[in-house]
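**Student:** Next comes the structure file work20.cif, holding mmCIF, C-alpha atoms (C1' of nucleotides).
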```cif
data_coords
#
loop_
_atom_site.label_atom_id
_atom_site.label_comp_id
_atom_site.auth_asym_id
_atom_site.auth_seq_id
_atom_site.Cartn_x
_atom_site.Cartn_y
_atom_site.Cartn_z
CA MET A 478 -29.24 4.86 13.68
CA ILE A 479 -27.23 3.50 16.59
CA LEU A 480 -24.43 1.12 15.79
CA THR A 481 -23.92 -1.84 18.10
CA THR A 482 -20.58 -3.45 18.78
CA ARG A 483 -21.51 -6.12 16.27
CA HIS A 484 -22.17 -3.50 13.62
CA LYS A 485 -18.90 -1.76 14.32
CA GLU A 486 -16.92 -4.94 14.29
CA LEU A 487 -18.47 -5.98 10.99
CA ILE A 488 -17.65 -2.58 9.49
CA GLU A 489 -14.04 -3.06 10.52
CA ARG A 490 -13.87 -6.49 8.90
CA ILE A 491 -15.44 -5.22 5.71
CA GLY A 492 -12.86 -2.47 5.90
CA VAL A 493 -9.87 -4.77 6.04
CA PHE A 494 -11.33 -6.94 3.30
CA HIS A 495 -11.31 -3.92 1.04
CA GLU A 496 -7.88 -2.87 2.23
CA HIS A 497 -6.61 -6.20 0.95
CA LYS A 498 -8.02 -5.26 -2.41
CA GLY A 499 -5.81 -2.19 -2.38
CA MET A 500 -8.26 0.41 -1.12
CA GLN A 501 -7.30 2.83 1.57
CA PRO A 502 -8.59 1.98 5.04
CA LEU A 503 -11.28 4.60 5.39
CA VAL A 504 -12.77 3.84 1.99
CA GLY A 505 -13.39 0.26 3.04
CA ARG A 506 -14.95 1.38 6.33
CA ILE A 507 -17.30 3.72 4.52
CA ILE A 508 -18.40 0.91 2.22
CA GLY A 509 -19.08 -1.15 5.33
CA LEU A 510 -21.07 1.62 6.96
CA LEU A 511 -23.15 2.25 3.84
CA LEU A 512 -23.87 -1.47 3.59
CA ILE A 513 -24.95 -1.75 7.19
CA HIS A 514 -26.82 1.46 7.67
CA GLU A 515 -30.50 0.61 7.61
CA GLU A 516 -31.61 3.55 5.51
CA GLY A 517 -28.86 2.94 3.01
CA GLU A 518 -28.38 6.69 2.83
CA VAL A 519 -26.00 8.32 5.23
CA SER A 520 -25.17 11.98 5.61
CA PHE A 521 -21.64 13.31 5.53
CA ASP A 522 -21.47 14.12 9.22
CA GLU A 523 -23.06 10.81 10.20
CA ILE A 524 -20.11 9.16 8.50
CA VAL A 525 -17.73 11.44 10.38
CA GLU A 526 -19.36 10.57 13.69
CA HIS A 527 -19.90 6.85 13.21
CA LEU A 528 -16.37 6.25 12.02
CA GLY A 529 -14.73 8.83 14.27
CA VAL A 530 -12.62 10.40 11.56
CA SER A 531 -12.02 13.89 10.26
CA LYS A 532 -14.14 15.70 7.71
CA SER A 533 -11.19 15.96 5.35
CA ALA A 534 -10.63 12.23 5.37
CA VAL A 535 -14.31 11.57 4.69
CA SER A 536 -14.40 14.14 1.93
CA ASN A 537 -11.44 12.56 0.16
CA ALA A 538 -12.74 9.03 0.58
CA LEU A 539 -16.17 9.96 -0.79
CA THR A 540 -14.61 11.74 -3.74
CA PHE A 541 -12.69 8.55 -4.47
CA LEU A 542 -15.76 6.33 -4.17
CA GLN A 543 -17.73 8.59 -6.48
CA ALA A 544 -14.90 8.70 -8.99
CA LYS A 545 -14.89 4.90 -8.98
CA ASP A 546 -18.63 5.04 -9.52
CA ARG A 547 -19.31 3.01 -6.41
CA CYS A 548 -21.21 5.68 -4.56
CA VAL A 549 -23.65 8.52 -5.23
CA TYR A 550 -25.35 11.16 -3.16
CA SER A 551 -28.83 12.54 -3.24
CA THR A 552 -30.24 15.66 -1.68
CA ARG A 553 -33.58 16.55 -0.15
CA PRO A 554 -35.62 19.70 -0.66
CA GLY A 555 -34.91 22.28 2.00
CA ASP A 556 -31.87 20.34 3.27
CA ARG A 557 -28.37 21.17 2.18
CA LYS A 558 -26.90 17.90 3.36
CA ARG A 559 -25.81 15.21 0.99
CA TYR A 560 -26.97 11.68 1.62
CA PHE A 561 -24.51 9.12 0.38
CA ALA A 562 -25.40 5.63 -0.79
CA LEU A 563 -23.69 2.73 -2.46
CA LYS A 564 -24.66 2.00 -6.02
CA VAL A 565 -25.81 -1.48 -5.04
CA SER A 566 -27.76 -1.73 -8.24
CA ASP A 567 -24.46 -1.89 -10.08
CA TRP A 568 -23.12 -4.96 -8.37
CA LYS A 569 -23.32 -6.97 -11.60
CA LYS A 570 -21.31 -4.41 -13.49
CA ASP A 571 -18.78 -4.17 -10.68
CA PHE A 572 -18.38 -7.90 -10.37
CA GLN A 573 -18.00 -8.28 -14.10
CA GLN A 574 -15.36 -5.57 -14.00
CA GLU A 575 -13.45 -7.46 -11.34
CA LEU A 576 -13.54 -10.65 -13.35
CA GLU A 577 -12.27 -8.83 -16.40
CA ASN A 578 -9.55 -7.24 -14.33
CA ILE A 579 -8.11 -10.48 -13.17
CA ALA A 580 -8.16 -11.76 -16.74
CA GLU A 581 -6.11 -8.68 -17.73
CA ILE A 582 -3.00 -10.70 -17.06
CA GLN A 583 -3.58 -12.32 -20.44
CA LYS A 584 -2.27 -9.23 -22.20
CA PHE A 585 1.01 -9.59 -20.36
CA ILE A 586 1.20 -13.33 -20.93
CA ASP A 587 0.78 -12.76 -24.64
CA GLU A 588 3.42 -10.06 -24.70
CA VAL A 589 5.74 -12.33 -22.79
CA LEU A 590 5.16 -15.08 -25.35
CA GLU A 591 6.12 -12.65 -28.10
CA VAL A 592 9.51 -11.94 -26.58
CA ARG A 593 10.32 -15.44 -25.37
CA THR A 594 12.72 -17.64 -27.32
CA ASP A 595 11.95 -21.32 -27.74
CA LYS A 596 14.69 -22.35 -25.34
CA ASN A 597 12.15 -23.68 -22.88
CA PRO A 598 9.24 -25.10 -24.92
CA GLU A 599 7.62 -26.69 -21.89
CA PHE A 600 7.38 -23.33 -20.15
CA ASN A 601 6.06 -21.69 -23.32
CA CYS A 602 3.51 -24.41 -23.70
CA LYS A 603 2.14 -23.84 -20.21
CA MET A 604 1.91 -20.15 -20.89
CA ILE A 605 0.05 -20.71 -24.15
CA GLU A 606 -2.40 -22.93 -22.36
CA PHE A 607 -2.90 -20.29 -19.68
CA SER A 608 -3.48 -17.63 -22.31
CA ASN A 609 -6.00 -19.86 -24.06
CA PHE A 610 -7.78 -20.42 -20.81
CA LEU A 611 -7.95 -16.70 -20.13
CA ALA A 612 -9.41 -16.07 -23.57
CA PHE A 613 -11.96 -18.78 -22.93
CA PHE A 614 -12.71 -17.31 -19.53
CA LYS A 615 -13.35 -13.83 -20.90
CA LYS A 616 -15.78 -15.20 -23.42
CA GLU A 617 -17.59 -17.13 -20.71
CA ILE A 618 -18.27 -14.15 -18.48
CA PRO A 619 -21.41 -12.88 -20.21
CA ALA A 620 -22.75 -16.42 -20.54
CA LEU A 621 -22.34 -16.80 -16.80
CA PHE A 622 -24.62 -13.86 -16.12
CA GLU A 623 -27.15 -15.12 -18.63
CA ARG A 624 -27.32 -18.51 -16.99
CA PHE A 625 -27.84 -16.88 -13.63
CA ASN A 626 -30.69 -14.79 -14.97
CA LYS A 627 -32.25 -17.90 -16.43
CA ILE A 628 -32.24 -19.99 -13.25
CA LYS A 629 -33.47 -16.99 -11.30
CA ALA A 630 -36.53 -16.67 -13.55
CA MET B 628 20.65 -13.80 -20.98
CA ILE B 629 20.77 -10.16 -22.04
CA LEU B 630 17.67 -8.12 -21.49
CA THR B 631 16.70 -5.64 -24.18
CA THR B 632 14.90 -2.39 -23.53
CA ARG B 633 11.70 -4.11 -24.57
CA HIS B 634 12.27 -6.86 -22.01
CA LYS B 635 12.98 -4.36 -19.28
CA GLU B 636 10.00 -2.24 -20.11
CA LEU B 637 7.73 -5.28 -20.10
CA ILE B 638 9.11 -6.35 -16.72
CA GLU B 639 8.27 -2.92 -15.35
CA ARG B 640 4.72 -3.10 -16.64
CA ILE B 641 4.21 -6.57 -15.23
CA GLY B 642 5.61 -5.12 -12.02
CA VAL B 643 3.09 -2.32 -11.75
CA PHE B 644 0.28 -4.70 -12.68
CA HIS B 645 1.17 -6.77 -9.65
CA GLU B 646 1.62 -3.69 -7.49
CA HIS B 647 -2.01 -2.85 -8.23
CA LYS B 648 -2.89 -6.25 -6.86
CA GLY B 649 -1.26 -5.25 -3.58
CA MET B 650 2.17 -6.81 -4.02
CA GLN B 651 5.28 -4.91 -3.22
CA PRO B 652 7.13 -3.48 -6.20
CA LEU B 653 10.10 -5.80 -6.33
CA VAL B 654 7.94 -8.91 -6.05
CA GLY B 655 6.09 -7.92 -9.21
CA ARG B 656 9.35 -7.21 -11.04
CA ILE B 657 10.73 -10.60 -10.10
CA ILE B 658 7.60 -12.29 -11.43
CA GLY B 659 8.13 -10.36 -14.65
CA LEU B 660 11.77 -11.39 -14.88
CA LEU B 661 10.99 -15.05 -14.23
CA LEU B 662 8.29 -14.95 -16.90
CA ILE B 663 10.56 -13.38 -19.47
CA HIS B 664 13.82 -15.15 -18.79
CA GLU B 665 14.25 -17.72 -21.52
CA GLU B 666 15.50 -20.51 -19.32
CA GLY B 667 12.73 -19.95 -16.83
CA GLU B 668 15.26 -20.50 -14.09
CA VAL B 669 17.19 -17.56 -12.76
CA SER B 670 19.90 -17.48 -10.12
CA PHE B 671 19.78 -15.20 -7.11
CA ASP B 672 22.53 -12.89 -8.30
CA GLU B 673 21.13 -12.73 -11.81
CA ILE B 674 18.00 -11.29 -10.25
CA VAL B 675 20.10 -8.81 -8.28
CA GLU B 676 21.91 -7.70 -11.43
CA HIS B 677 19.03 -7.62 -13.89
CA LEU B 678 16.81 -5.66 -11.54
CA GLY B 679 19.59 -3.56 -10.02
CA VAL B 680 18.50 -4.04 -6.43
CA SER B 681 20.14 -5.18 -3.23
CA LYS B 682 20.60 -8.77 -2.13
CA SER B 683 18.50 -8.17 0.94
CA ALA B 684 15.56 -6.95 -1.09
CA VAL B 685 15.78 -9.95 -3.40
CA SER B 686 16.08 -12.34 -0.49
CA ASN B 687 12.94 -10.96 1.14
CA ALA B 688 10.96 -10.89 -2.09
CA LEU B 689 11.87 -14.50 -2.89
CA THR B 690 10.96 -15.61 0.59
CA PHE B 691 7.59 -13.98 0.08
CA LEU B 692 7.03 -15.59 -3.31
CA GLN B 693 7.93 -18.99 -1.95
CA ALA B 694 5.65 -18.53 1.05
CA LYS B 695 2.81 -17.70 -1.35
CA ASP B 696 3.72 -20.84 -3.27
CA ARG B 697 4.28 -18.92 -6.46
CA CYS B 698 7.94 -19.72 -6.83
CA VAL B 699 10.39 -22.55 -6.17
CA TYR B 700 14.10 -23.05 -6.52
CA SER B 701 16.12 -25.97 -7.70
CA THR B 702 19.81 -26.67 -7.32
CA ARG B 703 22.38 -28.35 -9.54
CA PRO B 704 25.04 -30.86 -8.54
CA GLY B 705 28.32 -29.18 -7.76
CA ASP B 706 26.73 -25.73 -7.76
CA ARG B 707 25.65 -24.01 -4.58
CA LYS B 708 23.49 -21.45 -6.35
CA ARG B 709 19.75 -21.59 -6.26
CA TYR B 710 17.82 -21.29 -9.48
CA PHE B 711 14.44 -19.73 -9.02
CA ALA B 712 11.42 -20.39 -11.19
CA LEU B 713 7.74 -19.57 -11.20
CA LYS B 714 5.35 -22.41 -10.53
CA VAL B 715 3.69 -21.88 -13.88
CA SER B 716 2.19 -25.32 -13.66
CA ASP B 717 -0.03 -24.03 -10.89
CA TRP B 718 -1.73 -21.31 -12.88
CA LYS B 719 -5.06 -23.11 -12.73
CA LYS B 720 -4.93 -23.40 -8.98
CA ASP B 721 -3.85 -19.77 -8.65
CA PHE B 722 -6.54 -18.51 -10.95
CA GLN B 723 -9.19 -20.55 -9.18
CA GLN B 724 -7.95 -19.10 -5.91
CA GLU B 725 -8.33 -15.59 -7.25
CA LEU B 726 -11.87 -16.28 -8.38
CA GLU B 727 -12.76 -17.68 -5.01
CA ASN B 728 -11.18 -14.69 -3.33
CA ILE B 729 -13.31 -12.19 -5.12
CA ALA B 730 -16.40 -14.24 -4.25
CA GLU B 731 -15.37 -14.02 -0.59
CA ILE B 732 -17.39 -10.86 -0.35
CA GLN B 733 -20.45 -13.09 -0.10
CA LYS B 734 -19.63 -13.90 3.51
CA PHE B 735 -19.77 -10.22 4.35
CA ILE B 736 -22.93 -9.64 2.35
CA ASP B 737 -24.62 -12.44 4.26
CA GLU B 738 -23.46 -11.09 7.59
CA VAL B 739 -24.70 -7.68 6.59
CA LEU B 740 -28.09 -9.14 5.73
CA GLU B 741 -28.25 -10.69 9.18
CA VAL B 742 -27.84 -7.35 10.92
CA ARG B 743 -29.95 -5.24 8.59
CA THR B 744 -33.46 -4.22 9.57
CA ASP B 745 -36.21 -4.26 6.95
CA LYS B 746 -36.34 -0.50 6.77
CA ASN B 747 -35.09 -0.55 3.20
CA PRO B 748 -36.47 -3.69 1.56
CA GLU B 749 -35.33 -2.65 -1.88
CA PHE B 750 -31.74 -2.43 -0.74
CA ASN B 751 -32.02 -5.77 1.07
CA CYS B 752 -33.50 -7.32 -2.02
CA LYS B 753 -30.55 -6.25 -4.16
CA MET B 754 -28.18 -7.64 -1.60
CA ILE B 755 -29.97 -10.97 -1.50
CA GLU B 756 -29.78 -11.17 -5.25
CA PHE B 757 -26.09 -10.41 -5.15
CA SER B 758 -25.52 -13.07 -2.53
CA ASN B 759 -27.45 -15.58 -4.63
CA PHE B 760 -25.35 -14.70 -7.61
CA LEU B 761 -22.14 -15.19 -5.65
CA ALA B 762 -23.30 -18.60 -4.46
CA PHE B 763 -24.13 -19.51 -8.05
CA PHE B 764 -20.77 -18.20 -9.18
CA LYS B 765 -18.82 -20.27 -6.68
CA LYS B 766 -20.59 -23.40 -7.80
CA GLU B 767 -19.83 -22.59 -11.42
CA ILE B 768 -16.08 -22.28 -10.98
CA PRO B 769 -15.21 -25.99 -11.23
CA ALA B 770 -17.61 -26.43 -14.15
CA LEU B 771 -15.77 -23.66 -15.93
CA PHE B 772 -12.49 -25.53 -15.75
CA GLU B 773 -14.16 -28.73 -16.87
CA ARG B 774 -15.62 -27.08 -19.93
CA PHE B 775 -12.25 -25.66 -20.81
CA ASN B 776 -10.63 -29.06 -20.56
CA LYS B 777 -13.33 -30.47 -22.80
CA ILE B 778 -12.97 -27.98 -25.64
CA LYS B 779 -9.20 -28.28 -25.42
CA ALA B 780 -9.37 -32.04 -25.96
"C1'" DA C 308 42.46 -22.07 10.07
"C1'" DA C 309 41.81 -18.25 6.65
"C1'" DC C 310 39.18 -17.24 2.39
"C1'" DT C 311 35.42 -17.37 -0.78
"C1'" DT C 312 30.67 -17.99 -2.14
"C1'" DG C 313 25.72 -17.67 -1.66
"C1'" DG C 314 22.37 -16.07 0.79
"C1'" DT C 315 19.97 -14.19 5.25
"C1'" DT C 316 19.08 -11.03 8.88
"C1'" DC C 317 19.50 -6.59 11.08
"C1'" DT C 318 19.63 -1.69 11.25
"C1'" DC C 319 18.77 2.50 9.28
"C1'" DT C 320 16.75 5.78 6.09
"C1'" DA C 321 14.02 7.85 2.13
"C1'" DT C 322 9.49 7.69 0.44
"C1'" DT C 323 4.79 7.11 0.60
"C1'" DT C 324 0.42 6.88 2.85
"C1'" DG C 325 -3.48 8.22 5.51
"C1'" DC C 326 -5.27 11.18 8.14
"C1'" DA C 327 -5.90 15.44 11.44
"C1'" DG C 328 -6.67 20.18 11.86
"C1'" DA C 329 -7.02 24.59 10.14
"C1'" DA C 330 -8.12 27.60 6.65
"C1'" DC C 331 -11.14 28.23 3.11
"C1'" DT C 332 -15.40 28.45 -0.09
"C1'" DA C 333 -20.10 28.49 -1.27
"C1'" DA C 334 -24.76 28.86 -0.16
"C1'" DC C 335 -28.14 29.92 2.82
"C1'" DT C 336 -30.20 32.65 7.15
"C1'" DG C 337 -31.35 36.17 10.23
"C1'" DC D 1111 -23.65 41.82 5.77
"C1'" DA D 1112 -22.33 39.02 10.02
"C1'" DG D 1113 -23.17 34.24 11.17
"C1'" DT D 1114 -24.14 29.43 10.33
"C1'" DT D 1115 -23.97 25.14 7.77
"C1'" DA D 1116 -21.92 21.75 4.67
"C1'" DG D 1117 -18.24 20.33 2.62
"C1'" DT D 1118 -13.40 21.02 0.25
"C1'" DT D 1119 -8.62 22.00 0.01
"C1'" DC D 1120 -4.18 22.79 2.05
"C1'" DT D 1121 -0.50 21.97 5.28
"C1'" DG D 1122 1.86 19.10 8.20
"C1'" DC D 1123 2.89 15.04 10.65
"C1'" DA D 1124 2.99 10.02 12.47
"C1'" DA D 1125 3.18 5.61 10.94
"C1'" DA D 1126 3.96 2.16 7.49
"C1'" DT D 1127 6.66 0.50 3.54
"C1'" DA D 1128 10.43 -0.72 0.67
"C1'" DG D 1129 14.77 -1.26 0.09
"C1'" DA D 1130 20.11 -0.17 0.93
"C1'" DG D 1131 24.16 -1.64 3.16
"C1'" DA D 1132 26.57 -3.91 6.60
"C1'" DA D 1133 27.06 -7.60 9.55
"C1'" DC D 1134 26.36 -12.12 9.72
"C1'" DC D 1135 26.02 -17.33 8.97
"C1'" DA D 1136 26.78 -21.76 6.73
"C1'" DA D 1137 29.19 -24.56 3.60
"C1'" DG D 1138 32.70 -25.45 0.88
"C1'" DT D 1139 37.97 -24.37 -0.70
"C1'" DT D 1140 42.88 -23.70 -0.25
#
```
Rewrite the coordinates I just gave you, this time as structure tokens.

**Tutor:**
Amino acid sequence: MILTTRHKELIERIGVFHEHKGMQPLVGRIIGLLLIHEEGEVSFDEIVEHLGVSKSAVSNALTFLQAKDRCVYSTRPGDRKRYFALKVSDWKKDFQQELENIAEIQKFIDEVLEVRTDKNPEFNCKMIEFSNFLAFFKKEIPALFERFNKIKA
Amino acid sequence: MILTTRHKELIERIGVFHEHKGMQPLVGRIIGLLLIHEEGEVSFDEIVEHLGVSKSAVSNALTFLQAKDRCVYSTRPGDRKRYFALKVSDWKKDFQQELENIAEIQKFIDEVLEVRTDKNPEFNCKMIEFSNFLAFFKKEIPALFERFNKIKA
DNA sequence: AACTTGGTTCTCTATTTGCAGAACTAACTG
DNA sequence: CAGTTAGTTCTGCAAATAGAGAACCAAGTT
């Protein structure tokens, strides 16, 4: 597959988006490439060539993506190459994970409430409300997916 | 206010939590301190002392927090010091912002769909479903807050 | 006007990060 | 078993980051 300027530019933007989420640059670029590549499966050296980076960098980035369960490879009979693909099927799981992650702050809020005195009841009150909201939010996550499945059907 | 080991350890953990979100270390620690400090308002040099860091580092971190609208300071008559506090009142806005941020990926998904051929319809199909879900999710965010307000009342 | 206080800005440095390139391994190939 | 292919691991470096410390500024004090 030949990448146009538009493809390349989109890969870069997907890359920086993921950088903002804390991923290292190349990891984000690879996600972009795997999203854009028409076959969805891209060999190791295609990644090296399309992104113009070293084999070592690609190897490390792919190891990371696989460890995070965001990427898998398949092989073909009579071909030693590995063909890497995103686990797009898992987007629900991933998204749910992200939602749960941002609600993680509740643990800290609750710990903070344990150690706080009642010198500033207004502050404490706000924190309690936030904690309650986060608890509510966590409970709502599965319901959200159910409602989506319902309207889709 | 005297910080116990438990306080300090909690501040550190809140710090690393925020580091994982891409903030620089000291910024996360300051958030922790402002959460834990019983008055909720902490002077510049109290921050310096409690966290054992330089004035310059604190100055930069506070500038950042204020720019991100996560922190404000107030002053007191006859006292030149600034007393810094988290904008805890804004937690709803902040949380909503975070939710919208993670749904930002939809823009990229849609752009990707524009440039993809139909060589892998299964892949495309998954992506379309994901995009639909994200659109649904964005619409649901305000409703979520409304429902919370209702059960709270 | 010199001194203090409260904070900012500038310069420099230690650490960390992200990657290149080379050396290496493992499996196949002639 | 020498050579190729596919990818990994190791070593080293350039750039980015985070923060220290000093110089600095602005406002009040003596």

**Student:** Using all atoms listed in the file and a distance of at most 12 Å, pull out the residues of chain B that contact chain C, as a ChimeraX atom specification.

**Tutor:** /B:670-672,675,681-687,689-690,706-710

**Student:** If we count only C-alpha atoms, which residues of chain B reach to within 8 Å of chain A? Please list them as a VMD selection string.

**Tutor:** chain B and resid 634 637 641 647 to 649 662 to 667 715 to 716 718 to 719 725 to 726 729 735 738 to 739 742 to 747 750 753 to 754 757 760 763 to 764 771 775

**Student:** Could those selected residues go to a file with C-alpha atoms, as an mmCIF file, keeping the file's coordinate frame?

**Tutor:**
```
data_model
loop_
_atom_site.group_PDB
_atom_site.id
_atom_site.type_symbol
_atom_site.label_atom_id
_atom_site.label_comp_id
_atom_site.auth_asym_id
_atom_site.auth_seq_id
_atom_site.Cartn_x
_atom_site.Cartn_y
_atom_site.Cartn_z
ATOM 1 C CA HIS B 634 12.270 -6.860 -22.010
ATOM 2 C CA LEU B 637 7.730 -5.280 -20.100
ATOM 3 C CA ILE B 641 4.210 -6.570 -15.230
ATOM 4 C CA HIS B 647 -2.010 -2.850 -8.230
ATOM 5 C CA LYS B 648 -2.890 -6.250 -6.860
ATOM 6 C CA GLY B 649 -1.260 -5.250 -3.580
ATOM 7 C CA LEU B 662 8.290 -14.950 -16.900
ATOM 8 C CA ILE B 663 10.560 -13.380 -19.470
ATOM 9 C CA HIS B 664 13.820 -15.150 -18.790
ATOM 10 C CA GLU B 665 14.250 -17.720 -21.520
ATOM 11 C CA GLU B 666 15.500 -20.510 -19.320
ATOM 12 C CA GLY B 667 12.730 -19.950 -16.830
ATOM 13 C CA VAL B 715 3.690 -21.880 -13.880
ATOM 14 C CA SER B 716 2.190 -25.320 -13.660
ATOM 15 C CA TRP B 718 -1.730 -21.310 -12.880
ATOM 16 C CA LYS B 719 -5.060 -23.110 -12.730
ATOM 17 C CA GLU B 725 -8.330 -15.590 -7.250
ATOM 18 C CA LEU B 726 -11.870 -16.280 -8.380
ATOM 19 C CA ILE B 729 -13.310 -12.190 -5.120
ATOM 20 C CA PHE B 735 -19.770 -10.220 4.350
ATOM 21 C CA GLU B 738 -23.460 -11.090 7.590
ATOM 22 C CA VAL B 739 -24.700 -7.680 6.590
ATOM 23 C CA VAL B 742 -27.840 -7.350 10.920
ATOM 24 C CA ARG B 743 -29.950 -5.240 8.590
ATOM 25 C CA THR B 744 -33.460 -4.220 9.570
ATOM 26 C CA ASP B 745 -36.210 -4.260 6.950
ATOM 27 C CA LYS B 746 -36.340 -0.500 6.770
ATOM 28 C CA ASN B 747 -35.090 -0.550 3.200
ATOM 29 C CA PHE B 750 -31.740 -2.430 -0.740
ATOM 30 C CA LYS B 753 -30.550 -6.250 -4.160
ATOM 31 C CA MET B 754 -28.180 -7.640 -1.600
ATOM 32 C CA PHE B 757 -26.090 -10.410 -5.150
ATOM 33 C CA PHE B 760 -25.350 -14.700 -7.610
ATOM 34 C CA PHE B 763 -24.130 -19.510 -8.050
ATOM 35 C CA PHE B 764 -20.770 -18.200 -9.180
ATOM 36 C CA LEU B 771 -15.770 -23.660 -15.930
ATOM 37 C CA PHE B 775 -12.250 -25.660 -20.810
#
```

**Student:** Please report the interatomic distance between CA of Lys765 (chain B) and CA of Gln583 (chain A) in Å with one decimal.

**Tutor:** 22.0 Å

**Student:** For a test of reading the model, state the distance in Å between CA of Tyr550 (chain A) and CA of Ile524 (chain A), rounded to one decimal.

**Tutor:**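 Between these atoms lies a distance of 12.9 Å.
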
**Student:** Rounded to one decimal, what separation in Å do you get between CA of Val504 (chain A) and CA of Phe691 (chain B)?

**Tutor:** 27.1 Å

**Student:** Tell me the residues of chain D close to chain B, meaning within 9 Å using all atoms listed in the file, as an MDAnalysis selection string.

**Tutor:** chainID D and resid 1127:1131 1137

**Student:** For the residues in that selection, give me C-alpha atoms (C1' of nucleotides) as a PDB file, in the coordinates of the input.

**Tutor:**
```pdb
ATOM      1  C1'  DT D1127       6.660   0.500   3.540  1.00  0.00           C
ATOM      2  C1'  DA D1128      10.430  -0.720   0.670  1.00  0.00           C
ATOM      3  C1'  DG D1129      14.770  -1.260   0.090  1.00  0.00           C
ATOM      4  C1'  DA D1130      20.110  -0.170   0.930  1.00  0.00           C
ATOM      5  C1'  DG D1131      24.160  -1.640   3.160  1.00  0.00           C
ATOM      6  C1'  DA D1137      29.190 -24.560   3.600  1.00  0.00           C
TER       7       DA D1137
END
```
